[in-house]
Amino acid sequence: MNIPVVNLGAILPAIMLSLFGIAIMVAEPFVSDAKKSWLGWLAIAGTIAAMLALAPMSRQAGQWYTNLWIVDSYSIFFHFLFILIAAITILTSMNFLQREGIHHTEYYALLLFATVGMMMMAGSNELIMVFLGLEILSIATYVLAGFRRTDLKSNESAMKYFLLGSFSSAFFLYGVALIFGATGSTNLIVIADSLRSGDPQTSLVSLAAALMLIGLCFKVAVAPFHVWAPDVYEGAPTPVTGFMSVGPKAAGFAVLLRIFMTAFPTLEDRWTSVFWIVAALTMLIGNVIALVQPNIKRMLAYSSIAHAGYIAVAVAAGSEHGVSAVLFYTLAYSVTNLGAFAVVTMLSRSEDKLVNLNDYAGLASKRPGLAAVLSLFMLSLAGVPGTAGFAGKFFIFKAAVQSGLIWLAVIGVITTVVSFYYYLYVIVQMYMRDPNEEFADVRTTGPLKLALAITIAGTLYLGILPTRFLDWTVSAAVNALR
Amino acid sequence: MLELALFYIFGTIAVVSAILVITQHNVVHSAIFLAGTLLSVAGIFLALNAEFLAGVQVIVYVGGILVLFVFVIMLIAVERSTFERQFNRQWKIALITSAILIGELVYVVYQGRDTFVLAEPAVPLVQGAAGNSQQVGMGLYTTYLLPFEIASILLLVAIVGAVVLAKKKTQTE
Amino acid sequence: MIPLNWYLILAAVLFVIGVLGFFIKRNIIALLLSVEIMLNAVNLTFVAFSSQRGQISGQVFVFFVLVVAAAEAAVGLALVIAMYRNRETLNVDRSNLLKW
């Protein structure tokens, strides 16, 4: 009987986050209602610990746990991204929870566990682990979306997300079952070898790949599986919406790339054309419908659908340029979008009463700092040079053109120009309309300032000096493609 | 011979129960017919020589999950739901889509029918080496140790989430 | 002996019945039951392939699917209870606050 080799260092960040999540839950009964924000800081400590744990993890490169877990720069990059997303979301939520009078600090624990789920998705070499990570992330997010138990919209959002999420998980699972049948294993590398050598039953394998694709496309909300996103994003508590718009998307694309690049390279020409169609549809639908949204949360929801479309362009491009563009764009987009949602959280007042675009009128005259910050994020989402959004889009379209997808890049550029309208509309509202109110009760607290500082720094840094992170993403891409 | 009988009996019960699950008006009846489906799937596991899994299916799925469903259905007023219209307005489209889907699936499976019969399907896994339970246990604790531990996080998330969502309202709400 | 693809077709039929149920039912709990049927169909596929190939990993995977199904059912039902507390109906068509 062989005792398996247990390498704790390879999963150290996940262990850290889990421990801190448990610590938060254990500490909750001992902390009075007034001091609940301490648990938020405990969660931040957890993310810092996880970030520091990346260093020992990176020394454990290779495959562990009987080839289920893989440590390479691809997975380390995504671990870093997920911890960053979690930290910014926690900072944004701290004041939000106090304002809404939500004293269940399981919120922080669930957020940390959701991040653990995302890490499992990115670092796994085996479809079982991918599925488990996907479900941990999903279930934690269903609960977070429905966290405001007494709010009907929050209930509805969580319910819709849950129903469609579990439905799509079942599809993904059926695909995994068929692949297991076709190749006899759920390990990505073994699947690839078995498909390359043996006589693949191509119709079965294609069906399996299609089912897995459907399941994952639901998660990242690309067309035509995007219909749930606007409703769910609108009803969930705003910091959770911010988390949902970046976390599951990044994790979903990480898994998508890993599975299709590692396990299905033999089917590459087929799924490239599928992604072509998906990307084009998504960019068109996301950008066009965002034009007519009066509610800023819904507008950002459709905008995030459009951004998933841009990422899908890079996925269609394949090759190491495409993969590195995906990685870079998810980082740039996460930082920008979380920043935008941080500002929206602050401005929406209690119970998300003020989320229409008219409520932003004249913000610049009353609170110039906030208006400038939001303008920066809008410009970055649109893709103005000097911001992270521009750098990300540049690399994506460059990768697309290098892979010969000229028309797709053209569609991307056209839809980007279209998107300028609704992003600039927000800026126009803030700077050129008369204010309706005083914005007196909008207070920027410490944690939120920290969150904004991180996101602003990220947006500007990635936009002006992208090379360092770009090199990281390229090496990660090369690693992933082996 | 026994396998054939098991397959036919349990297969028919499974399909019929599943159809009844989705066509029953009263949601309690649906839940009971789901129990029928789950038990017949356990029977089919027996036919496929997965005895341990059949036992686990009965204990966890029927004895745990289904009981949970019935509890919740009982907690929530059931009578009202029987008076509301139970099917969607789009049921015709749904039927057509499902017919297409089943057609595709059956076609794919049928096309590969020759390649599937590689070995006698009734062969016990790893001839005589160890019982079914022992093999599953070995797999779970050696090869698949990491997912096994990760599943504990999943259960923790589910417990915490369910309690947070469903517990009684506190004074602050 | 029964050829493998009979089991697979049975699983496919169950899966599609689950999908159909998900599309046409309006009661939320019935939707959850349909998803359970789908997951059972997937389990059946796994065990069928596992039996044919002589590998135990398919059955081990079914364990994990069982865990996930239990977790999902628990959270889904908790959501149903939370929703029911706020409004007295379980009809999905009434969940129409978030639109377009």
# chains A, B, ... in the order shown; residues from 1 in each chain; ligands from 1

call {"tool": "residues_around", "arguments": {"residues": "Ala41 (chain C)", "least_positions_apart": "3", "cutoff": "9 Å", "atoms": "only C-alpha atoms", "output": "PyMOL selection string"}}
result
(chain A and resi 174) or (chain B and resi 41) or (chain C and resi 8+10-16+18+36-38+44-46)

call {"tool": "write_last_selection", "arguments": {"atoms": "N, CA and C atoms", "output": "short mmCIF file (atom, residue, chain, number, x, y, z; two decimals), in the first residue's frame"}}
result
data_model
loop_
_atom_site.label_atom_id
_atom_site.label_comp_id
_atom_site.auth_asym_id
_atom_site.auth_seq_id
_atom_site.Cartn_x
_atom_site.Cartn_y
_atom_site.Cartn_z
N TYR A 174 -21.46 16.16 -17.32
CA TYR A 174 -21.76 15.15 -18.33
C TYR A 174 -20.61 15.09 -19.34
N VAL B 41 -31.77 3.75 -9.82
CA VAL B 41 -30.39 3.98 -10.24
C VAL B 41 -29.44 3.18 -9.36
N LEU C 8 -25.54 3.68 -21.50
CA LEU C 8 -25.31 5.09 -21.83
C LEU C 8 -26.57 5.73 -22.37
N LEU C 10 -29.60 4.84 -21.63
CA LEU C 10 -30.48 5.03 -20.48
C LEU C 10 -30.11 6.31 -19.74
N ALA C 11 -28.79 6.49 -19.52
CA ALA C 11 -28.33 7.69 -18.82
C ALA C 11 -28.68 8.94 -19.63
N ALA C 12 -28.53 8.86 -20.96
CA ALA C 12 -28.84 10.03 -21.79
C ALA C 12 -30.32 10.36 -21.70
N VAL C 13 -31.16 9.32 -21.68
CA VAL C 13 -32.60 9.56 -21.59
C VAL C 13 -32.93 10.24 -20.26
N LEU C 14 -32.33 9.75 -19.18
CA LEU C 14 -32.58 10.36 -17.89
C LEU C 14 -32.11 11.82 -17.89
N PHE C 15 -30.95 12.05 -18.48
CA PHE C 15 -30.42 13.41 -18.52
C PHE C 15 -31.38 14.34 -19.24
N VAL C 16 -31.89 13.89 -20.37
CA VAL C 16 -32.77 14.75 -21.14
C VAL C 16 -34.10 14.96 -20.41
N GLY C 18 -34.35 15.18 -17.25
CA GLY C 18 -34.02 16.22 -16.28
C GLY C 18 -34.00 17.59 -16.92
N GLU C 36 -31.40 17.19 -9.87
CA GLU C 36 -30.95 15.94 -9.25
C GLU C 36 -31.04 14.78 -10.23
N ILE C 37 -32.09 14.78 -11.06
CA ILE C 37 -32.19 13.71 -12.06
C ILE C 37 -31.00 13.78 -13.02
N MET C 38 -30.67 15.01 -13.44
CA MET C 38 -29.55 15.16 -14.36
C MET C 38 -28.26 14.63 -13.74
N LEU C 44 -24.64 7.67 -13.48
CA LEU C 44 -24.83 6.40 -14.17
C LEU C 44 -23.81 6.23 -15.29
N THR C 45 -23.58 7.33 -16.02
CA THR C 45 -22.59 7.29 -17.10
C THR C 45 -21.21 6.95 -16.55
N PHE C 46 -20.86 7.60 -15.44
CA PHE C 46 -19.55 7.33 -14.85
C PHE C 46 -19.39 5.88 -14.46
#

call {"tool": "interface_residues", "arguments": {"of": "chain A", "to": "chain B", "cutoff": "7 Å", "atoms": "only C-alpha atoms", "output": "PyMOL selection string"}}
result
chain A and resi 3-4+65-66+110+129+132+136+139-140+143+147+149+203-204

call {"tool": "select_by_dssp", "arguments": {"residues": "region 49-288 of chain A", "states": "strand (DSSP E)", "output": "number ranges by chain"}}
result
A: 62-64, 69-71

call {"tool": "residues_around", "arguments": {"residues": "Ala70 (chain C)", "least_positions_apart": "6", "cutoff": "12 Å", "atoms": "only C-alpha atoms", "output": "PyMOL selection string"}}
result
(chain A and resi 135+139+166) or (chain B and resi 57+59-69+151+154-159+162) or (chain C and resi 32+35-36+39+63-64+76-77)

call {"tool": "select_by_dssp", "arguments": {"residues": "region 196-415 of chain A", "states": "alpha helix (DSSP H)", "output": "ChimeraX atom specification"}}
result
/A:196,202-220,228-235,238-258,268-290,296-317,319-347,363-366,368-382,388-402,406-415

call {"tool": "residues_around", "arguments": {"residues": "Phe23 (chain C)", "least_positions_apart": "2", "cutoff": "12 Å", "atoms": "only C-alpha atoms", "output": "PyMOL selection string"}}
result
(chain A and resi 163-164+167) or (chain B and resi 22+86-98) or (chain C and resi 16-21+25-28+30-32+34-35+92)

call {"tool": "residues_around", "arguments": {"residues": "region 74-84 of chain A", "least_positions_apart": "6", "cutoff": "10 Å", "atoms": "only C-alpha atoms", "output": "VMD selection string"}}
result
chain A and resid 13 to 14 17 44 46 to 52 54 to 55 57 to 58 61 90 112 114 to 124 246 to 248 250 to 251 254 258 323 to 324 327 to 328 330 to 332 334 to 335 454 to 455 469 472 to 481

call {"tool": "interface_residues", "arguments": {"of": "chain A", "to": "chain C", "cutoff": "9 Å", "atoms": "only C-alpha atoms", "output": "PyMOL selection string"}}
result
chain A and resi 128+131-132+135-136+139+142-143+146+149-153+155-159+162-163+166-167+170-171+173-178+180-182+184-186+230-232+234-235+293

call {"tool": "atom_distance", "arguments": {"atom1": "CA of Ser133 (chain B)", "atom2": "CA of Leu2 (chain B)"}}
result
21.5 Å
